[in-house]
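Chemist: Encoded as structure tokens, here's the structure I'll be asking about.
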Amino acid sequence: TRDLPSLGMLSVVAPQLSLSTAHVVGARRAPAVQMAAGPMYDQPLAPSTMGREFINSARKPLSEYVGASQELAAFPGGGGKEGAAPVPWDPLQLSELWKVSANNPDVAWLREAELKHGRMSMLAITGVMVQSAGIHLPGNADISFANADWAMAPTTLPPAAWGQVLFFIGLAEGQTSAGLFDLWLGNTEKREPGNLGWGTQFLSKDKKAADKMRLKELKNGRLAMLAIMGVAFNHVIPGALPGCMYN
């Protein structure tokens, strides 16, 4: 009989607990339901002038970008059903992070970052090869470019030279920044990923031929990123890259 009051209390409290628990569980499950249809937020908190209109807009999928690797899609877990076209290889689903939260970048931003890192790496590995071969600018009485050690050569530049380098980088970044941050939300109206407005006149008017050249740049950039990382590791840990001639 002593348990009856407690049972009665539980009968009163239980519906309240179940309702509150259902509310919490429903609130936690809501994003999953929304993610199936698109981004997490039905009512974005961003102001209308700061990208709100792009959060729930249609996005260009990875499969429509040049260089979306499909070679590995033939392996188990690579995606694509029998008889269907293979899906781009993205095992970590990084290209779908924007569906989880509007704070995550769109594929357009990731492609912009990949192209920029690839271009910088191509310049870097070319500089290492040229400098190590003893080919350098003549310099003058104040500045010498004769140091063949690629890792230590930048430290020999005076502050005035570094100022010129940083000024040029800032000028180039500023002149090509139009529409850059729109890529985060997948808006490519003002800017295509990687298009700085330089050299586009040399691309073929035929889309297939132009995409082939874009693919070459992308693959060379990916290779250069691996190359400069290997040289850097070999410099810090001698012998880390067997056969590497650049230390």
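Residue numbering restarts at 1 for every chain of the structure tokens, chains are lettered A, B, ... in their displayed order, and ligands are numbered from 1 as they appear.
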Set the distance at 12 Å and use only C-alpha atoms: which residues neighbour Gln93 of chain A once local chain neighbours fewer than 3 positions away are removed? I'd like the list as an MDAnalysis selection string.
Modeler: chainID A and resid 61:62 78:79 87:90 96:100 106:107
Chemist: For segment 196-200 of chain A, please output as a list in words all residues within 9 Å (counting only C-alpha atoms; exclusion window: fewer than 4 positions along the same chain).
Modeler: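 Here the answer would be Gln175, Thr176, Ser177, Arg191, Glu192 and Ser204 of chain A.
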Chemist: Quick check, in Å to one decimal: how far apart do atom CA of Ile228 of chain A and atom CA of Lys216 of chain A lie?
Modeler: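 Result for atom CA of Ile228 of chain A versus atom CA of Lys216 of chain A: 18.1 Å, one decimal.
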